[in-house]
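Okay, structure first, notes after.
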Amino acid sequence: MDRITLNTGAKMPVLGLGTWKSKPDAVGKAVEYALCDASYDHMDCASIYRNEDEIGRSLKKVFESGKRKREEIFITSKLWNTDHKKNAVKIACEATLTDLNLDYLDLYLMHWGIAIPPNEKNREPYGRLEEQLDENGYLITEEVTVMETWEAMEELVKLGLVRAIGVANFTAPQLVDLLTYAKVRPAMNQIELHPYLQQSRLVEFCKSQNIAVTAYSPLGSPGNYGESGLPVLVEDETIVEIGKNHSKSPAQVLIRWAIQRGTMVIPKSVTLERIKENSEVFDFELSRDELEKIASLDRNLRFVDPYSWWKIPYFG
Ligand SMILES: NC(=O)c1ccc[n+]([C@@H]2O[C@H](COP(=O)([O-])OP(=O)(O)OC[C@H]3O[C@@H](n4cnc5c(N)ncnc54)[C@H](OP(=O)(O)O)[C@@H]3O)[C@@H](O)[C@H]2O)c1
């Protein structure tokens, strides 16, 4: 598996398995299959996905079986918005470590640059997320600065609970601000990236600051948005056509594109054949001409837009 060196010196596998909305009884099998049968070395988790306990049972099984060793696997998790207060960060990280059956995380990300009050409902496995909105439908936020949260995350590195820290969904101005006080520089910005939302300026900016980038929703999240009326990226004619040139599926073209851009990529699947298919992306290369065709597909189309949940125009 190809790896990219983070600003910590750690080598992170470019391809990981996404686990958002991976359901009970499916996510554990998916993780086990990815690690033992499809040569994945990287898992992308988050406490808010509320499936870390099942993933943890699979990780334990895989490590105890001797099929894979902990040190070969790169595991990311994320701090949810309810846990941004100084005193909550370590508790949240330890809860994730307990659920995942791990002593340390390879990477811990601040999931969003926004804090909200604690909400016990977020801890209920697979329950519907009920975030508190005010009478006008706006998310109720909590008065915690990103600086307070970041400093608490820096403590996790000192304690050895996490090997690297980073952010997700950060815009360039948020990063510029963070970099003014960060004693531990963010190793990662995990953002939505695919041919319909290429964010090339943000990717270049992160790279210029030695912050690695992970592409989330690299397939356009068809399970969540396939019936939304938005265009379905895995059915895009150009992508399908390019796939045919290489005898590869649209998903494989999209994953390969992310890798050739120098980003990590974390396609989610609980379907064993697709997990395997998504890993078979290291035996072909997109040509310059194909890359140019894909570049022309950019249309600033964001699938994961918190405006629809929070009425906060996070990305404008
Ligand atoms: N930091 C953040 O705020 C954030 C936000 C969103 C996502 N993420 C991370 O990024 C990961 C990936 O993003 P995502 O889950 O939104 O979407 P995605 O990976 O773009 O798409 C996942 C969907 O594509 C389907 N799929 C997988 N492989 C396929 C293939 N070869 N052909 C056709 N369809 C395929 C999956 O179905 P099946 O599972 O049914 O096979 C699932 O419905 C997440 O799981 C999560 O780990 C992070």
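Residue numbering restarts at 1 in every chain; chains get A, B, ... in the order shown in the structure tokens, and ligands count up from 1 in that same order.
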
Requested in this report: Tell me, as a VMD selection string, which residues lie within 8 Å of range 296-300 of chain A, counting only C-alpha atoms; anything in the same chain fewer than 3 positions away does not count.
Outcome: chain A and resid 195 to 199 292 to 293

With N, CA and C atoms kept, could you save the residues just selected as a CSV table (one decimal), in the first residue's frame?
```
chain,number,residue,atom,x,y,z
A,195,PRO,N,-14.4,14.8,-8.0
A,195,PRO,CA,-14.3,15.6,-9.2
A,195,PRO,C,-15.3,16.8,-9.3
A,196,TYR,N,-16.5,16.6,-8.6
A,196,TYR,CA,-17.5,17.7,-8.6
A,196,TYR,C,-17.1,18.8,-7.5
A,197,LEU,N,-16.2,18.5,-6.6
A,197,LEU,CA,-15.8,19.5,-5.6
A,197,LEU,C,-14.3,19.3,-5.4
A,198,GLN,N,-13.5,19.9,-6.3
A,198,GLN,CA,-12.1,19.6,-6.3
A,198,GLN,C,-11.3,20.5,-5.3
A,199,GLN,N,-11.8,21.6,-4.9
A,199,GLN,CA,-11.2,22.5,-3.9
A,199,GLN,C,-9.6,22.6,-4.1
A,292,GLU,N,-7.1,15.9,-17.2
A,292,GLU,CA,-7.6,17.1,-17.7
A,292,GLU,C,-9.1,17.1,-17.9
A,293,LYS,N,-9.6,15.9,-18.4
A,293,LYS,CA,-11.0,15.7,-18.5
A,293,LYS,C,-11.7,15.8,-17.2
```

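By only C-alpha atoms, and with residues fewer than 4 positions from range 217-229 of chain A along its chain excluded, the set lying at most 7 Å from it is Glu192, Leu193, His194, Leu233, Val234, Ala251, Leu254, Ile255, Val265, Pro267 and Phe303 of chain A.
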
Requested in this report: All residues within 8 Å of ligand 1 are required, counting only C-alpha atoms and all ligand atoms; please report them as an NGL selection string.
Outcome: :A and (17-22 or 43-46 or 78 or 111-112 or 168-169 or 190-192 or 215-224 or 234 or 249-252 or 265-275 or 277-278 or 304)

Query raised in the report: Could you write out, as a PyMOL selection string, all the residues of range 72-272 of chain A that DSSP marks as strand (DSSP E or B)?
Result: chain A and resi 74-79+105+107-110+133+139+162+165-168+188-192+194+197+212-216+264-265+268

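Checking A:Cys206, A:Phe170, A:Asp103, A:Thr82 one by one against Ile48 in chain A, counting only C-alpha atoms, you find the shortest gap at A:Thr82.
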
Considering only C-alpha atoms, tabulate each residue of range 30-99 of chain A that lies at most 9 Å from range 137-146 of chain A along with its nearest interatomic pair and the corresponding distance in Å to one decimal; arrange the rows by chain and ascending residue number and present them as CSV.
```
residue,atom,partner,partner_atom,distance
A:Thr82,CA,A:Glu142,CA,8.4
A:His84,CA,A:Val144,CA,6.8
A:Lys85,CA,A:Val144,CA,6.2
A:Lys86,CA,A:Val144,CA,8.6
```

Query raised in the report: Which is closer to Thr8 in chain A than all the others in A:Ala152, A:Leu133, A:Val157, A:Leu97, using only C-alpha atoms?
Result: A:Val157

Query - Test item: residues at most 6 Å from Val213 in chain A, only C-alpha atoms, excluding those fewer than 3 positions along its chain, as a ChimeraX atom specification - result: /A:188-190,263

At a cut-off of 7 Å, can you tabulate as CSV every residue of range 55-78 of chain A near range 29-40 of chain A together with its closest atom pair and the distance in Å to one decimal, using only C-alpha atoms and ordering rows by chain then number?
```
residue,atom,partner,partner_atom,distance
A:Ile55,CA,A:Val31,CA,6.7
A:Ser58,CA,A:Glu32,CA,5.9
A:Val62,CA,A:Glu32,CA,6.6
A:Lys67,CA,A:Cys36,CA,6.6
```

Query raised in the report: Counting only C-alpha atoms, what is within 12 Å of Lys158 in chain A, bar same-chain residues fewer than 4 positions away, as a ChimeraX atom specification?
Result: /A:90,104,151-154,162-165,183-184

Could the residues in this selection be saved with N, CA and C atoms as a CSV table (one decimal), in the first residue's frame?
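Output saved as out_38.csv:
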```
chain,number,residue,atom,x,y,z
A,90,LYS,N,-10.2,14.9,26.6
A,90,LYS,CA,-9.5,13.7,27.0
A,90,LYS,C,-10.5,12.6,27.3
A,104,TYR,N,-3.8,3.6,21.6
A,104,TYR,CA,-3.5,4.9,21.0
A,104,TYR,C,-4.2,4.9,19.6
A,151,GLU,N,-5.7,23.1,22.0
A,151,GLU,CA,-4.7,22.9,23.1
A,151,GLU,C,-5.0,21.6,23.9
A,152,ALA,N,-6.2,21.3,24.1
A,152,ALA,CA,-6.6,20.1,24.8
A,152,ALA,C,-6.2,18.8,23.9
A,153,MET,N,-6.3,19.0,22.6
A,153,MET,CA,-5.9,17.9,21.7
A,153,MET,C,-4.3,17.8,21.8
A,154,GLU,N,-3.6,18.9,21.9
A,154,GLU,CA,-2.2,18.8,22.0
A,154,GLU,C,-1.7,18.0,23.2
A,162,VAL,N,-2.6,9.8,21.4
A,162,VAL,CA,-2.7,9.9,20.0
A,162,VAL,C,-1.3,10.3,19.4
A,163,ARG,N,-1.1,9.8,18.2
A,163,ARG,CA,0.3,10.0,17.6
A,163,ARG,C,0.3,11.3,16.8
A,164,ALA,N,-0.9,11.7,16.3
A,164,ALA,CA,-0.9,12.9,15.5
A,164,ALA,C,-2.3,13.5,15.7
A,165,ILE,N,-2.4,14.8,15.5
A,165,ILE,CA,-3.7,15.5,15.6
A,165,ILE,C,-3.9,16.3,14.3
A,183,LYS,N,1.0,24.7,18.8
A,183,LYS,CA,2.3,24.3,19.1
A,183,LYS,C,2.6,23.0,18.4
A,184,VAL,N,1.5,22.2,18.3
A,184,VAL,CA,1.6,21.0,17.5
A,184,VAL,C,0.8,21.3,16.2
```

Query raised in the report: Leaving out His246 in chain A and any residue of its chain fewer than 3 positions from it, which residues lie within 12 Å of it when counting only C-alpha atoms, given as a ChimeraX atom specification?
Result: /A:239-243,249-250,252-253,256,280-281,283-287,290

Report task. Within range 205-308 of chain A, find each residue whose DSSP state, derived from the backbone, is alpha helix (DSSP H), and express the selection as number ranges by chain. Result -> A: 205-208, 222-225, 237-246, 250-260, 272-279, 288-295, 307-308

Produce a file of the selected residues containing C-alpha atoms, as a PDB file, in the first residue's frame.
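To be explicit, this is the file written out as again-v8.pdb:
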```pdb
ATOM      1  CA  PHE A 205      -2.721  25.635   0.498  1.00  0.00           C
ATOM      2  CA  CYS A 206      -2.705  22.658   2.890  1.00  0.00           C
ATOM      3  CA  LYS A 207       0.226  21.140   1.045  1.00  0.00           C
ATOM      4  CA  SER A 208       2.112  24.455   1.189  1.00  0.00           C
ATOM      5  CA  PRO A 222     -24.080   7.813  -3.374  1.00  0.00           C
ATOM      6  CA  GLY A 223     -25.676   5.939  -0.455  1.00  0.00           C
ATOM      7  CA  ASN A 224     -26.650   9.240   1.155  1.00  0.00           C
ATOM      8  CA  TYR A 225     -27.284  11.452  -1.833  1.00  0.00           C
ATOM      9  CA  GLU A 237     -20.335   9.740 -18.271  1.00  0.00           C
ATOM     10  CA  THR A 238     -16.747  10.985 -18.319  1.00  0.00           C
ATOM     11  CA  ILE A 239     -15.817   8.885 -15.303  1.00  0.00           C
ATOM     12  CA  VAL A 240     -17.559   5.804 -16.720  1.00  0.00           C
ATOM     13  CA  GLU A 241     -15.785   6.310 -20.073  1.00  0.00           C
ATOM     14  CA  ILE A 242     -12.359   6.690 -18.450  1.00  0.00           C
ATOM     15  CA  GLY A 243     -13.034   3.541 -16.456  1.00  0.00           C
ATOM     16  CA  LYS A 244     -13.706   1.635 -19.674  1.00  0.00           C
ATOM     17  CA  ASN A 245     -10.272   2.713 -21.029  1.00  0.00           C
ATOM     18  CA  HIS A 246      -8.661   0.878 -18.123  1.00  0.00           C
ATOM     19  CA  PRO A 250     -16.148   4.408 -11.951  1.00  0.00           C
ATOM     20  CA  ALA A 251     -15.378   4.049  -8.229  1.00  0.00           C
ATOM     21  CA  GLN A 252     -11.862   2.841  -9.029  1.00  0.00           C
ATOM     22  CA  VAL A 253     -11.304   5.838 -11.329  1.00  0.00           C
ATOM     23  CA  LEU A 254     -12.475   8.225  -8.584  1.00  0.00           C
ATOM     24  CA  ILE A 255     -10.220   6.630  -5.974  1.00  0.00           C
ATOM     25  CA  ARG A 256      -7.255   6.581  -8.353  1.00  0.00           C
ATOM     26  CA  TRP A 257      -7.840  10.272  -9.149  1.00  0.00           C
ATOM     27  CA  ALA A 258      -7.663  11.130  -5.447  1.00  0.00           C
ATOM     28  CA  ILE A 259      -4.431   9.166  -5.065  1.00  0.00           C
ATOM     29  CA  GLN A 260      -2.815  10.790  -8.120  1.00  0.00           C
ATOM     30  CA  LEU A 272     -17.331  -7.044   0.526  1.00  0.00           C
ATOM     31  CA  GLU A 273     -16.978  -7.071  -3.288  1.00  0.00           C
ATOM     32  CA  ARG A 274     -16.843  -3.269  -3.326  1.00  0.00           C
ATOM     33  CA  ILE A 275     -14.338  -3.115  -0.483  1.00  0.00           C
ATOM     34  CA  LYS A 276     -12.080  -5.326  -2.595  1.00  0.00           C
ATOM     35  CA  GLU A 277     -12.845  -3.424  -5.809  1.00  0.00           C
ATOM     36  CA  ASN A 278     -12.019  -0.107  -4.150  1.00  0.00           C
ATOM     37  CA  SER A 279      -8.598  -1.417  -3.131  1.00  0.00           C
ATOM     38  CA  ARG A 288      -2.626  13.534 -18.423  1.00  0.00           C
ATOM     39  CA  ASP A 289      -5.495  13.750 -20.897  1.00  0.00           C
ATOM     40  CA  GLU A 290      -7.818  11.870 -18.535  1.00  0.00           C
ATOM     41  CA  LEU A 291      -6.788  14.078 -15.623  1.00  0.00           C
ATOM     42  CA  GLU A 292      -7.613  17.145 -17.710  1.00  0.00           C
ATOM     43  CA  LYS A 293     -11.047  15.737 -18.543  1.00  0.00           C
ATOM     44  CA  ILE A 294     -11.693  15.092 -14.839  1.00  0.00           C
ATOM     45  CA  ALA A 295     -10.463  18.597 -13.942  1.00  0.00           C
ATOM     46  CA  TYR A 307     -26.334  24.173   6.263  1.00  0.00           C
ATOM     47  CA  SER A 308     -29.104  21.640   5.732  1.00  0.00           C
TER      48      SER A 308
END
```
